[in-house]
$ cat upload.pdb   # PDB, C-alpha atoms and all ligand atoms
ATOM      1  CA  MET A   1     -22.758 -20.800  21.114
ATOM      2  CA  ARG A   2     -20.146 -18.925  23.161
ATOM      3  CA  ASN A   3     -19.735 -21.449  25.922
ATOM      4  CA  THR A   4     -16.592 -23.272  24.805
ATOM      5  CA  PRO A   5     -13.680 -22.498  22.524
ATOM      6  CA  ALA A   6     -14.940 -25.130  20.080
ATOM      7  CA  LEU A   7     -18.392 -23.549  19.919
ATOM      8  CA  ARG A   8     -16.880 -20.128  19.426
ATOM      9  CA  GLU A   9     -14.800 -21.475  16.544
ATOM     10  CA  LEU A  10     -17.956 -22.888  15.015
ATOM     11  CA  ARG A  11     -19.758 -19.591  15.378
ATOM     12  CA  ARG A  12     -16.883 -17.474  14.013
ATOM     13  CA  GLU A  13     -17.718 -15.422  10.925
ATOM     14  CA  THR A  14     -14.334 -13.965  10.063
ATOM     15  CA  ARG A  15     -11.010 -15.780   9.960
ATOM     16  CA  LEU A  16      -7.635 -14.268   9.208
ATOM     17  CA  SER A  17      -5.076 -16.096   7.143
ATOM     18  CA  PRO A  18      -1.511 -15.111   6.179
ATOM     19  CA  ALA A  19      -2.704 -15.126   2.548
ATOM     20  CA  ASP A  20      -4.924 -12.130   3.374
ATOM     21  CA  PHE A  21      -1.906  -9.941   4.019
ATOM     22  CA  ILE A  22       0.177  -7.818   1.702
ATOM     23  CA  HIS A  23       3.589  -7.101   3.211
ATOM     24  CA  PRO A  24       5.049  -3.652   2.437
ATOM     25  CA  ILE A  25       8.777  -3.485   1.695
ATOM     26  CA  PHE A  26      10.842  -0.286   1.496
ATOM     27  CA  VAL A  27      13.888  -0.634  -0.742
ATOM     28  CA  VAL A  28      16.512   2.099  -0.635
ATOM     29  CA  GLU A  29      18.938   2.657  -3.472
ATOM     30  CA  ASP A  30      21.509   4.428  -1.312
ATOM     31  CA  ARG A  31      22.688   1.778   1.142
ATOM     32  CA  SER A  32      23.852   4.352   3.686
ATOM     33  CA  THR A  33      20.183   5.148   4.305
ATOM     34  CA  ALA A  34      19.139   1.566   5.056
ATOM     35  CA  GLY A  35      18.064   0.620   8.568
ATOM     36  CA  PRO A  36      15.212   0.843  11.043
ATOM     37  CA  VAL A  37      12.515   3.490  10.637
ATOM     38  CA  SER A  38      12.385   5.151  14.045
ATOM     39  CA  SER A  39       8.731   6.175  13.776
ATOM     40  CA  MET A  40       7.691   2.624  12.810
ATOM     41  CA  PRO A  41       9.265   0.152  15.271
ATOM     42  CA  GLY A  42       9.934  -3.152  13.541
ATOM     43  CA  VAL A  43       9.986  -1.673  10.034
ATOM     44  CA  VAL A  44      13.363  -1.629   8.304
ATOM     45  CA  ARG A  45      14.441   0.005   5.062
ATOM     46  CA  ILE A  46      16.427  -2.581   3.165
ATOM     47  CA  THR A  47      18.720  -2.695   0.146
ATOM     48  CA  LEU A  48      18.675  -4.926  -2.897
ATOM     49  CA  ASP A  49      21.379  -7.108  -1.284
ATOM     50  CA  THR A  50      19.229  -8.034   1.676
ATOM     51  CA  LEU A  51      16.035  -8.588  -0.289
ATOM     52  CA  ASP A  52      16.600 -12.351  -0.439
ATOM     53  CA  ARG A  53      16.532 -12.680   3.347
ATOM     54  CA  GLU A  54      13.318 -10.683   3.489
ATOM     55  CA  ILE A  55      11.684 -12.807   0.799
ATOM     56  CA  GLU A  56      12.734 -15.984   2.551
ATOM     57  CA  SER A  57      11.038 -14.908   5.767
ATOM     58  CA  VAL A  58       7.896 -13.763   3.952
ATOM     59  CA  ASN A  59       7.673 -17.115   2.196
ATOM     60  CA  SER A  60       8.266 -19.122   5.345
ATOM     61  CA  LEU A  61       5.359 -17.324   7.033
ATOM     62  CA  GLY A  62       2.881 -18.155   4.298
ATOM     63  CA  ILE A  63       2.464 -14.577   3.082
ATOM     64  CA  ARG A  64       1.740 -14.530  -0.645
ATOM     65  CA  SER A  65       2.160 -10.912  -1.671
ATOM     66  CA  VAL A  66       4.419  -7.943  -1.169
ATOM     67  CA  LEU A  67       4.073  -4.239  -1.961
ATOM     68  CA  LEU A  68       7.265  -2.464  -2.963
ATOM     69  CA  PHE A  69       8.132   1.145  -2.235
ATOM     70  CA  GLY A  70      11.333   2.498  -3.741
ATOM     71  CA  ILE A  71      13.475   5.233  -2.258
ATOM     72  CA  PRO A  72      15.877   6.514  -4.924
ATOM     73  CA  ALA A  73      19.323   7.953  -4.287
ATOM     74  CA  THR A  74      18.454  11.127  -6.171
ATOM     75  CA  LYS A  75      15.253  13.160  -6.217
ATOM     76  CA  ARG A  76      14.388  15.576  -8.990
ATOM     77  CA  PRO A  77      11.463  17.826  -9.937
ATOM     78  CA  ASP A  78      10.692  15.516 -12.880
ATOM     79  CA  ALA A  79      10.969  12.308 -10.777
ATOM     80  CA  ALA A  80      13.280  10.779 -13.395
ATOM     81  CA  SER A  81      14.523   8.006 -11.097
ATOM     82  CA  ALA A  82      10.961   6.668 -10.896
ATOM     83  CA  PHE A  83      11.006   5.315 -14.449
ATOM     84  CA  SER A  84      14.643   5.078 -15.500
ATOM     85  CA  ASN A  85      15.736   1.646 -16.697
ATOM     86  CA  GLU A  86      17.707   1.109 -13.537
ATOM     87  CA  ASN A  87      15.018   2.291 -11.141
ATOM     88  CA  VAL A  88      15.239   0.672  -7.732
ATOM     89  CA  VAL A  89      11.747  -0.842  -7.821
ATOM     90  CA  SER A  90      12.218  -2.607 -11.160
ATOM     91  CA  ARG A  91      15.501  -4.022  -9.939
ATOM     92  CA  SER A  92      13.794  -5.242  -6.789
ATOM     93  CA  VAL A  93      10.985  -6.898  -8.739
ATOM     94  CA  GLU A  94      13.495  -8.699 -10.958
ATOM     95  CA  LYS A  95      15.385  -9.885  -7.931
ATOM     96  CA  ILE A  96      12.276 -11.134  -6.129
ATOM     97  CA  LYS A  97      11.024 -12.924  -9.227
ATOM     98  CA  SER A  98      14.412 -14.609  -9.601
ATOM     99  CA  ILE A  99      14.277 -15.838  -5.997
ATOM    100  CA  SER A 100      10.680 -16.921  -5.710
ATOM    101  CA  ASP A 101       7.843 -17.665  -8.077
ATOM    102  CA  ARG A 102       5.213 -18.029  -5.380
ATOM    103  CA  LEU A 103       4.795 -14.346  -4.540
ATOM    104  CA  ALA A 104       2.526 -11.729  -6.076
ATOM    105  CA  VAL A 105       4.656  -8.625  -6.475
ATOM    106  CA  ILE A 106       2.816  -5.310  -6.324
ATOM    107  CA  THR A 107       4.554  -1.982  -6.853
ATOM    108  CA  ASP A 108       3.590   1.445  -5.564
ATOM    109  CA  VAL A 109       3.224   3.865  -8.454
ATOM    110  CA  CYS A 110       3.498   7.418  -7.173
ATOM    111  CA  LEU A 111       6.043  10.179  -7.637
ATOM    112  CA  CYS A 112       6.272  11.469  -4.058
ATOM    113  CA  SER A 113       9.449   9.588  -3.073
ATOM    114  CA  TYR A 114      11.105  10.585  -6.348
ATOM    115  CA  THR A 115      10.354  14.314  -6.519
ATOM    116  CA  ASP A 116      12.532  16.793  -4.649
ATOM    117  CA  HIS A 117       9.398  18.578  -3.413
ATOM    118  CA  GLY A 118       7.674  15.425  -2.159
ATOM    119  CA  HIS A 119       4.360  15.925  -3.933
ATOM    120  CA  CYS A 120       2.678  13.063  -5.762
ATOM    121  CA  GLY A 121       2.794  14.819  -9.127
ATOM    122  CA  VAL A 122       4.746  17.357 -11.125
ATOM    123  CA  ILE A 123       4.375  20.926  -9.920
ATOM    124  CA  ARG A 124       3.354  23.840 -12.078
ATOM    125  CA  GLU A 125       2.712  27.233 -10.518
ATOM    126  CA  GLU A 126       2.936  25.739  -7.020
ATOM    127  CA  LYS A 127       0.184  23.220  -7.756
ATOM    128  CA  VAL A 128       0.176  19.608  -8.796
ATOM    129  CA  ASP A 129      -0.433  19.410 -12.542
ATOM    130  CA  ASN A 130      -2.747  16.400 -12.759
ATOM    131  CA  ASP A 131      -2.598  15.754 -16.486
ATOM    132  CA  ALA A 132       1.148  16.279 -16.838
ATOM    133  CA  THR A 133       1.594  13.725 -14.056
ATOM    134  CA  LEU A 134      -0.408  11.015 -15.831
ATOM    135  CA  GLU A 135       2.210  10.504 -18.508
ATOM    136  CA  LEU A 136       4.920   9.949 -15.913
ATOM    137  CA  LEU A 137       2.764   7.488 -13.979
ATOM    138  CA  GLY A 138       2.261   5.562 -17.212
ATOM    139  CA  LYS A 139       6.021   5.384 -17.761
ATOM    140  CA  MET A 140       6.612   4.302 -14.170
ATOM    141  CA  ALA A 141       3.976   1.552 -14.419
ATOM    142  CA  VAL A 142       5.445   0.251 -17.680
ATOM    143  CA  ALA A 143       8.943   0.144 -16.146
ATOM    144  CA  HIS A 144       7.604  -1.925 -13.231
ATOM    145  CA  ALA A 145       5.544  -4.166 -15.505
ATOM    146  CA  ARG A 146       8.492  -4.893 -17.769
ATOM    147  CA  SER A 147      10.498  -6.075 -14.793
ATOM    148  CA  GLY A 148       7.755  -8.537 -13.878
ATOM    149  CA  ALA A 149       5.378  -6.795 -11.474
ATOM    150  CA  ASP A 150       2.068  -8.643 -11.200
ATOM    151  CA  LEU A 151       0.109  -5.564 -10.181
ATOM    152  CA  VAL A 152       0.910  -1.886 -10.208
ATOM    153  CA  ALA A 153      -0.689   0.167  -7.464
ATOM    154  CA  PRO A 154      -1.140   3.846  -8.277
ATOM    155  CA  SER A 155      -1.416   5.741  -4.982
ATOM    156  CA  GLY A 156      -1.256   9.376  -6.059
ATOM    157  CA  MET A 157      -5.006  10.097  -6.410
ATOM    158  CA  MET A 158      -4.596  11.798  -9.785
ATOM    159  CA  ASP A 159      -7.800  11.964 -11.839
ATOM    160  CA  GLY A 160      -7.651   9.551 -14.744
ATOM    161  CA  MET A 161      -4.600   7.690 -13.422
ATOM    162  CA  VAL A 162      -6.088   4.238 -13.925
ATOM    163  CA  ALA A 163      -7.097   4.887 -17.546
ATOM    164  CA  ALA A 164      -3.722   6.466 -18.295
ATOM    165  CA  ILE A 165      -1.813   3.562 -16.763
ATOM    166  CA  ARG A 166      -3.992   0.927 -18.455
ATOM    167  CA  GLY A 167      -3.419   2.696 -21.783
ATOM    168  CA  ALA A 168       0.333   2.904 -21.244
ATOM    169  CA  LEU A 169       0.556  -0.747 -20.176
ATOM    170  CA  ASP A 170      -1.452  -1.939 -23.174
ATOM    171  CA  SER A 171       0.584   0.184 -25.610
ATOM    172  CA  ALA A 172       3.711  -1.435 -24.165
ATOM    173  CA  LYS A 173       2.096  -4.861 -24.593
ATOM    174  CA  CYS A 174       1.994  -5.397 -20.833
ATOM    175  CA  HIS A 175      -1.534  -6.726 -21.113
ATOM    176  CA  ASP A 176      -1.204  -9.130 -18.207
ATOM    177  CA  THR A 177      -0.153  -6.571 -15.623
ATOM    178  CA  GLY A 178      -3.108  -5.647 -13.430
ATOM    179  CA  ILE A 179      -3.955  -2.473 -11.565
ATOM    180  CA  LEU A 180      -4.703  -2.255  -7.855
ATOM    181  CA  SER A 181      -5.891   1.306  -7.550
ATOM    182  CA  TYR A 182      -5.799   3.400  -4.414
ATOM    183  CA  ALA A 183      -9.260   4.547  -5.464
ATOM    184  CA  VAL A 184     -10.322   5.900  -2.095
ATOM    185  CA  LYS A 185      -7.376   7.528  -0.398
ATOM    186  CA  TYR A 186      -8.006  10.158   2.222
ATOM    187  CA  ALA A 187      -5.867  13.179   3.054
ATOM    188  CA  SER A 188      -5.093  11.535   6.368
ATOM    189  CA  SER A 189      -2.818  12.518   9.209
ATOM    190  CA  PHE A 190      -2.321   8.813   9.897
ATOM    191  CA  TYR A 191       0.368   8.767   7.154
ATOM    192  CA  GLY A 192       2.869  10.708   9.268
ATOM    193  CA  PRO A 193       5.269   7.875  10.128
ATOM    194  CA  PHE A 194       5.296   6.567   6.526
ATOM    195  CA  ARG A 195       6.617   9.853   5.264
ATOM    196  CA  ASP A 196       9.758   9.246   7.327
ATOM    197  CA  ALA A 197      10.102   5.771   5.868
ATOM    198  CA  ALA A 198       9.587   6.827   2.267
ATOM    199  CA  GLU A 199      11.037  10.356   2.572
ATOM    200  CA  SER A 200       7.882  11.560   0.909
ATOM    201  CA  ALA A 201       6.644  14.446   3.050
ATOM    202  CA  PRO A 202       5.636  17.414   0.897
ATOM    203  CA  ALA A 203       8.163  20.242   1.200
ATOM    204  CA  PHE A 204       5.358  22.824   0.988
ATOM    205  CA  GLY A 205       1.595  22.733   1.280
ATOM    206  CA  ASP A 206      -0.363  19.537   1.781
ATOM    207  CA  ARG A 207      -2.163  16.891  -0.263
ATOM    208  CA  HIS A 208      -5.703  18.204   0.160
ATOM    209  CA  SER A 209      -6.062  19.144  -3.507
ATOM    210  CA  TYR A 210      -5.725  15.517  -4.600
ATOM    211  CA  GLN A 211      -6.468  13.239  -1.634
ATOM    212  CA  MET A 212     -10.002  12.937  -0.236
ATOM    213  CA  ASP A 213     -11.629  14.888   2.563
ATOM    214  CA  PRO A 214     -11.990  12.570   5.605
ATOM    215  CA  ALA A 215     -15.530  13.909   6.054
ATOM    216  CA  ASN A 216     -16.798  12.303   2.837
ATOM    217  CA  ALA A 217     -18.166   8.827   2.201
ATOM    218  CA  LEU A 218     -20.447   9.237  -0.838
ATOM    219  CA  GLU A 219     -17.482  10.696  -2.687
ATOM    220  CA  ALA A 220     -15.716   7.403  -2.014
ATOM    221  CA  LEU A 221     -18.341   5.608  -4.079
ATOM    222  CA  ALA A 222     -17.825   8.051  -6.942
ATOM    223  CA  GLU A 223     -14.052   7.535  -6.779
ATOM    224  CA  ALA A 224     -14.423   3.764  -6.698
ATOM    225  CA  ARG A 225     -16.856   3.771  -9.630
ATOM    226  CA  LEU A 226     -14.547   5.917 -11.774
ATOM    227  CA  ASP A 227     -11.551   3.680 -11.161
ATOM    228  CA  ILE A 228     -13.529   0.539 -11.910
ATOM    229  CA  GLU A 229     -14.784   2.091 -15.156
ATOM    230  CA  GLU A 230     -11.242   3.080 -16.061
ATOM    231  CA  GLY A 231     -10.131  -0.527 -15.738
ATOM    232  CA  ALA A 232      -8.953  -1.127 -12.179
ATOM    233  CA  ASP A 233      -8.712  -4.854 -11.383
ATOM    234  CA  ALA A 234      -8.904  -4.203  -7.654
ATOM    235  CA  ILE A 235      -9.512  -1.092  -5.578
ATOM    236  CA  MET A 236      -8.414   0.125  -2.175
ATOM    237  CA  VAL A 237      -9.650   2.126   0.770
ATOM    238  CA  LYS A 238      -7.003   3.839   2.860
ATOM    239  CA  PRO A 239      -6.542   4.259   5.832
ATOM    240  CA  ALA A 240      -8.459   1.339   7.346
ATOM    241  CA  ILE A 241      -9.512   1.527  10.985
ATOM    242  CA  ALA A 242     -10.848   5.088  10.935
ATOM    243  CA  TYR A 243     -12.650   4.276   7.658
ATOM    244  CA  LEU A 244     -14.331   0.935   8.323
ATOM    245  CA  ASP A 245     -17.675   2.453   7.324
ATOM    246  CA  VAL A 246     -16.194   3.399   3.971
ATOM    247  CA  ILE A 247     -14.784  -0.095   3.459
ATOM    248  CA  ARG A 248     -18.243  -1.534   4.135
ATOM    249  CA  ARG A 249     -20.012   0.916   1.815
ATOM    250  CA  VAL A 250     -17.577   0.345  -1.029
ATOM    251  CA  LYS A 251     -17.878  -3.430  -0.606
ATOM    252  CA  ASP A 252     -21.683  -3.287  -0.538
ATOM    253  CA  ASN A 253     -21.822  -1.084  -3.623
ATOM    254  CA  PHE A 254     -19.203  -2.997  -5.622
ATOM    255  CA  PRO A 255     -19.394  -6.506  -4.167
ATOM    256  CA  ASP A 256     -17.768  -8.196  -7.152
ATOM    257  CA  VAL A 257     -14.655  -6.018  -7.210
ATOM    258  CA  PRO A 258     -11.696  -7.197  -5.100
ATOM    259  CA  LEU A 259     -11.210  -4.724  -2.268
ATOM    260  CA  ALA A 260      -8.010  -3.974  -0.416
ATOM    261  CA  ALA A 261      -7.657  -1.929   2.740
ATOM    262  CA  TYR A 262      -4.434  -0.306   3.898
ATOM    263  CA  GLN A 263      -3.736  -0.327   7.612
ATOM    264  CA  VAL A 264      -1.410   2.658   7.412
ATOM    265  CA  SER A 265       1.704   3.662   9.266
ATOM    266  CA  GLY A 266      -0.060   5.733  11.932
ATOM    267  CA  GLU A 267      -2.431   2.894  12.763
ATOM    268  CA  TYR A 268       0.540   0.571  13.102
ATOM    269  CA  SER A 269       2.749   2.893  15.124
ATOM    270  CA  MET A 270      -0.014   3.772  17.597
ATOM    271  CA  ILE A 271      -0.514   0.102  18.439
ATOM    272  CA  LYS A 272       3.253  -0.446  18.614
ATOM    273  CA  ALA A 273       3.779   2.533  20.918
ATOM    274  CA  ALA A 274       0.957   1.620  23.272
ATOM    275  CA  GLY A 275       2.153  -1.989  23.302
ATOM    276  CA  ALA A 276       5.727  -0.960  24.106
ATOM    277  CA  ASN A 277       4.412   1.098  27.027
ATOM    278  CA  GLY A 278       2.463  -1.821  28.381
ATOM    279  CA  TRP A 279      -0.795   0.098  27.844
ATOM    280  CA  LEU A 280      -2.341  -2.551  25.674
ATOM    281  CA  ASP A 281      -1.574  -5.992  24.337
ATOM    282  CA  GLU A 282       0.044  -5.430  20.946
ATOM    283  CA  LYS A 283      -0.691  -8.870  19.569
ATOM    284  CA  LYS A 284      -4.339  -8.944  20.604
ATOM    285  CA  VAL A 285      -5.045  -5.407  19.460
ATOM    286  CA  ALA A 286      -3.291  -5.930  16.129
ATOM    287  CA  LEU A 287      -5.239  -9.123  15.415
ATOM    288  CA  GLU A 288      -8.496  -7.513  16.525
ATOM    289  CA  SER A 289      -7.871  -4.586  14.172
ATOM    290  CA  LEU A 290      -7.044  -6.856  11.250
ATOM    291  CA  THR A 291     -10.116  -8.992  11.936
ATOM    292  CA  SER A 292     -12.269  -5.845  12.002
ATOM    293  CA  ILE A 293     -10.881  -4.680   8.680
ATOM    294  CA  LYS A 294     -11.690  -8.028   7.103
ATOM    295  CA  ARG A 295     -15.126  -8.144   8.751
ATOM    296  CA  ALA A 296     -15.848  -4.677   7.333
ATOM    297  CA  GLY A 297     -15.424  -6.100   3.838
ATOM    298  CA  ALA A 298     -11.763  -5.998   2.834
ATOM    299  CA  ASN A 299     -10.604  -8.986   0.792
ATOM    300  CA  MET A 300      -6.929  -8.200   1.338
ATOM    301  CA  ILE A 301      -5.062  -6.082   3.860
ATOM    302  CA  ILE A 302      -1.862  -4.156   3.421
ATOM    303  CA  THR A 303      -0.309  -4.102   6.872
ATOM    304  CA  TYR A 304       3.052  -3.587   8.556
ATOM    305  CA  PHE A 305       1.912  -6.314  10.950
ATOM    306  CA  ALA A 306       1.878  -8.859   8.089
ATOM    307  CA  LYS A 307       4.879 -10.878   9.254
ATOM    308  CA  ASP A 308       4.045 -10.697  12.960
ATOM    309  CA  ALA A 309       0.398 -11.495  12.362
ATOM    310  CA  ALA A 310       1.236 -14.410  10.091
ATOM    311  CA  ALA A 311       3.535 -15.791  12.799
ATOM    312  CA  TRP A 312       0.883 -15.301  15.498
ATOM    313  CA  LEU A 313      -1.690 -17.098  13.351
ATOM    314  CA  GLN A 314       0.678 -20.028  12.831
ATOM    315  CA  ALA A 315       1.492 -20.364  16.530
TER     316      ALA A 315
HETATM  317  C1  LIG B   1       2.404   7.788  -1.400
HETATM  318  C2  LIG B   1       1.899   6.924  -0.319
HETATM  319  C3  LIG B   1       1.614   7.278   1.020
HETATM  320  C4  LIG B   1       1.268   6.100   1.663
HETATM  321  C5  LIG B   1       1.340   5.080   0.731
HETATM  322  N1  LIG B   1       1.703   5.609  -0.492
HETATM  323  C6  LIG B   1       1.774   8.527   1.749
HETATM  324  C7  LIG B   1       1.075   9.763   1.418
HETATM  325  O1  LIG B   1       0.118   9.826   0.643
HETATM  326  O2  LIG B   1       1.527  10.755   1.958
HETATM  327  C8  LIG B   1       0.926   5.999   3.126
HETATM  328  C9  LIG B   1       1.210   4.706   3.745
HETATM  329  C10 LIG B   1       1.243   4.676   5.217
HETATM  330  O3  LIG B   1       1.033   5.686   5.920
HETATM  331  O4  LIG B   1       1.525   3.601   5.725
HETATM  332  N2  LIG B   1       1.505   8.459  -2.175
END

$ encode --input "upload.pdb" --output "structure tokens" --more "lines below"
Ligand code: PBG
Amino acid sequence: MRNTPALRELRRETRLSPADFIHPIFVVEDRSTAGPVSSMPGVVRITLDTLDREIESVNSLGIRSVLLFGIPATKRPDAASAFSNENVVSRSVEKIKSISDRLAVITDVCLCSYTDHGHCGVIREEKVDNDATLELLGKMAVAHARSGADLVAPSGMMDGMVAAIRGALDSAKCHDTGILSYAVKYASSFYGPFRDAAESAPAFGDRHSYQMDPANALEALAEARLDIEEGADAIMVKPAIAYLDVIRRVKDNFPDVPLAAYQVSGEYSMIKAAGANGWLDEKKVALESLTSIKRAGANMIITYFAKDAAAWLQA
């Protein structure tokens, strides 16, 4: 069954399609900070004005969903620009929805790009105050939902974040907005390049008190179960390639829950860097990685390769 290309096609168990991919977009409020992210070759921070071009290219490649990250002009301890009426993500959602009705728009709900200290929650006595953060996440999710987001994606790993956001959305009558929860997010060093893109590196300490220990897999099942019980419509494992076993275990334990995997910035930049050096074939390695993530059990993949991979698949 491996003898000819046709036989191999017949035998193939996993096929990638552009509709599998979720394309991340970084939108900056301050236009002087737009431009390429040096640690993530090919990734560009854009402004509201250039969003239409981006959406056009996403649509032409057959990608059906985008994940928005906002970078506000001002950062404050209380993350006020995350949920103000004019917040950059809500404005981006409105703009995308006015351009195209064929895209699912997902928004990142986390405070780290909006706080001056870069942590994912409000700080009290040098520690993240989990419960005080929940209220702000609820407000942020409602702001995104009101502007038309299809799904909100809480990524801060606060306990109870899904229940708090579901409650806030329902109180605001945003019953149709779903939740894609970063249920299983590890305290990973693979996020390094992203923190340049989103200006979200913590100014002190690290995220080990809220993100998961990379050594744990059973804990992932507990985290997934809690988020499902709290009302998550879909859950996520992040990062992807170093956690394929976790993706598989979560899928096997919760087979009926849609599962996303996030191929994070470090995974992307390593392939890009090696490709640029001629040490490996970027296209082949990227597609092999994405195929592996899907084979492991992911139903959708957030990836900075989304546009390239969609183009490669079309070719
Ligand atoms: C914010 C957030 C992070 C990522 C997505 N949302 C960074 C972090 O937790 O430090 C990482 C994405 C990537 O590395 O591509 N909470």

$ residues_near_ligand --input "upload.pdb" --ligand "ligand LIG 1 (chain B)" --cutoff "10 Å" --atoms "all atoms listed in the file" --output "number ranges by chain"
A: 24, 40, 69, 108-113, 118-121, 153-157, 182, 185-202, 206-207, 210-211, 238-239, 262-269, 302-304

$ axis_aligned_box --input "upload.pdb" --around "segment 180-191 of chain A" --padding-each-side "8 Å" --output "AutoDock Vina command-line options"
--center_x -5.0 --center_y 5.5 --center_z 1.0 --size_x 26.7 --size_y 31.4 --size_z 33.8

$ atom_distance --input "upload.pdb" --atom1 "atom CA of Asn59 of chain A" --atom2 "atom CA of Lys294 of chain A"
21.9 Å

$ closest_residue --input "upload.pdb" --among "A:Val184, A:Val88, A:Ala276, A:Ile271" --to "Val250 of chain A" --atoms "only C-alpha atoms"
A:Val184

$ atom_distance --input "upload.pdb" --atom1 "atom CA of Gly160 of chain A" --atom2 "atom CA of His175 of chain A"
18.5 Å

$ atom_distance --input "upload.pdb" --atom1 "atom CA of Ala163 of chain A" --atom2 "atom CA of Asp150 of chain A"
17.5 Å

$ decode --input "upload.pdb" --residues "segment 62-74 of chain A" --atoms "N, CA, C and O atoms" --output "mmCIF file, in the first residue's frame"
data_model
loop_
_atom_site.group_PDB
_atom_site.id
_atom_site.type_symbol
_atom_site.label_atom_id
_atom_site.label_comp_id
_atom_site.auth_asym_id
_atom_site.auth_seq_id
_atom_site.Cartn_x
_atom_site.Cartn_y
_atom_site.Cartn_z
ATOM 1 N N GLY A 62 -8.724 30.150 1.898
ATOM 2 C CA GLY A 62 -9.646 29.127 2.386
ATOM 3 C C GLY A 62 -9.604 28.910 3.890
ATOM 4 O O GLY A 62 -10.187 27.961 4.403
ATOM 5 N N ILE A 63 -8.914 29.811 4.597
ATOM 6 C CA ILE A 63 -8.905 29.731 6.066
ATOM 7 C C ILE A 63 -10.244 30.277 6.563
ATOM 8 O O ILE A 63 -10.767 31.246 6.020
ATOM 9 N N ARG A 64 -10.802 29.623 7.591
ATOM 10 C CA ARG A 64 -12.143 30.016 8.030
ATOM 11 C C ARG A 64 -12.190 30.666 9.403
ATOM 12 O O ARG A 64 -13.260 31.057 9.865
ATOM 13 N N SER A 65 -11.045 30.738 10.095
ATOM 14 C CA SER A 65 -11.114 31.371 11.410
ATOM 15 C C SER A 65 -9.827 32.090 11.782
ATOM 16 O O SER A 65 -8.733 31.704 11.357
ATOM 17 N N VAL A 66 -10.016 33.141 12.559
ATOM 18 C CA VAL A 66 -8.880 33.948 13.003
ATOM 19 C C VAL A 66 -8.971 34.124 14.520
ATOM 20 O O VAL A 66 -10.044 34.072 15.108
ATOM 21 N N LEU A 67 -7.794 34.304 15.130
ATOM 22 C CA LEU A 67 -7.706 34.534 16.573
ATOM 23 C C LEU A 67 -7.039 35.883 16.783
ATOM 24 O O LEU A 67 -5.910 36.098 16.326
ATOM 25 N N LEU A 68 -7.746 36.787 17.434
ATOM 26 C CA LEU A 68 -7.241 38.155 17.581
ATOM 27 C C LEU A 68 -6.560 38.395 18.916
ATOM 28 O O LEU A 68 -7.100 38.063 19.974
ATOM 29 N N PHE A 69 -5.374 38.999 18.833
ATOM 30 C CA PHE A 69 -4.667 39.478 20.017
ATOM 31 C C PHE A 69 -4.559 40.989 19.897
ATOM 32 O O PHE A 69 -4.128 41.500 18.858
ATOM 33 N N GLY A 70 -4.931 41.698 20.933
ATOM 34 C CA GLY A 70 -4.845 43.157 20.899
ATOM 35 C C GLY A 70 -3.633 43.642 21.674
ATOM 36 O O GLY A 70 -3.280 43.078 22.715
ATOM 37 N N ILE A 71 -2.991 44.682 21.141
ATOM 38 C CA ILE A 71 -1.911 45.325 21.881
ATOM 39 C C ILE A 71 -2.309 46.790 22.036
ATOM 40 O O ILE A 71 -2.318 47.556 21.066
ATOM 41 N N PRO A 72 -2.686 47.192 23.243
ATOM 42 C CA PRO A 72 -3.215 48.534 23.471
ATOM 43 C C PRO A 72 -2.103 49.571 23.509
ATOM 44 O O PRO A 72 -0.930 49.234 23.714
ATOM 45 N N ALA A 73 -2.488 50.834 23.318
ATOM 46 C CA ALA A 73 -1.495 51.907 23.370
ATOM 47 C C ALA A 73 -1.055 52.155 24.808
ATOM 48 O O ALA A 73 0.081 52.559 25.052
ATOM 49 N N THR A 74 -1.947 51.932 25.750
ATOM 50 C CA THR A 74 -1.588 52.178 27.151
ATOM 51 C C THR A 74 -1.822 50.933 28.000
ATOM 52 O O THR A 74 -2.801 50.218 27.817
#
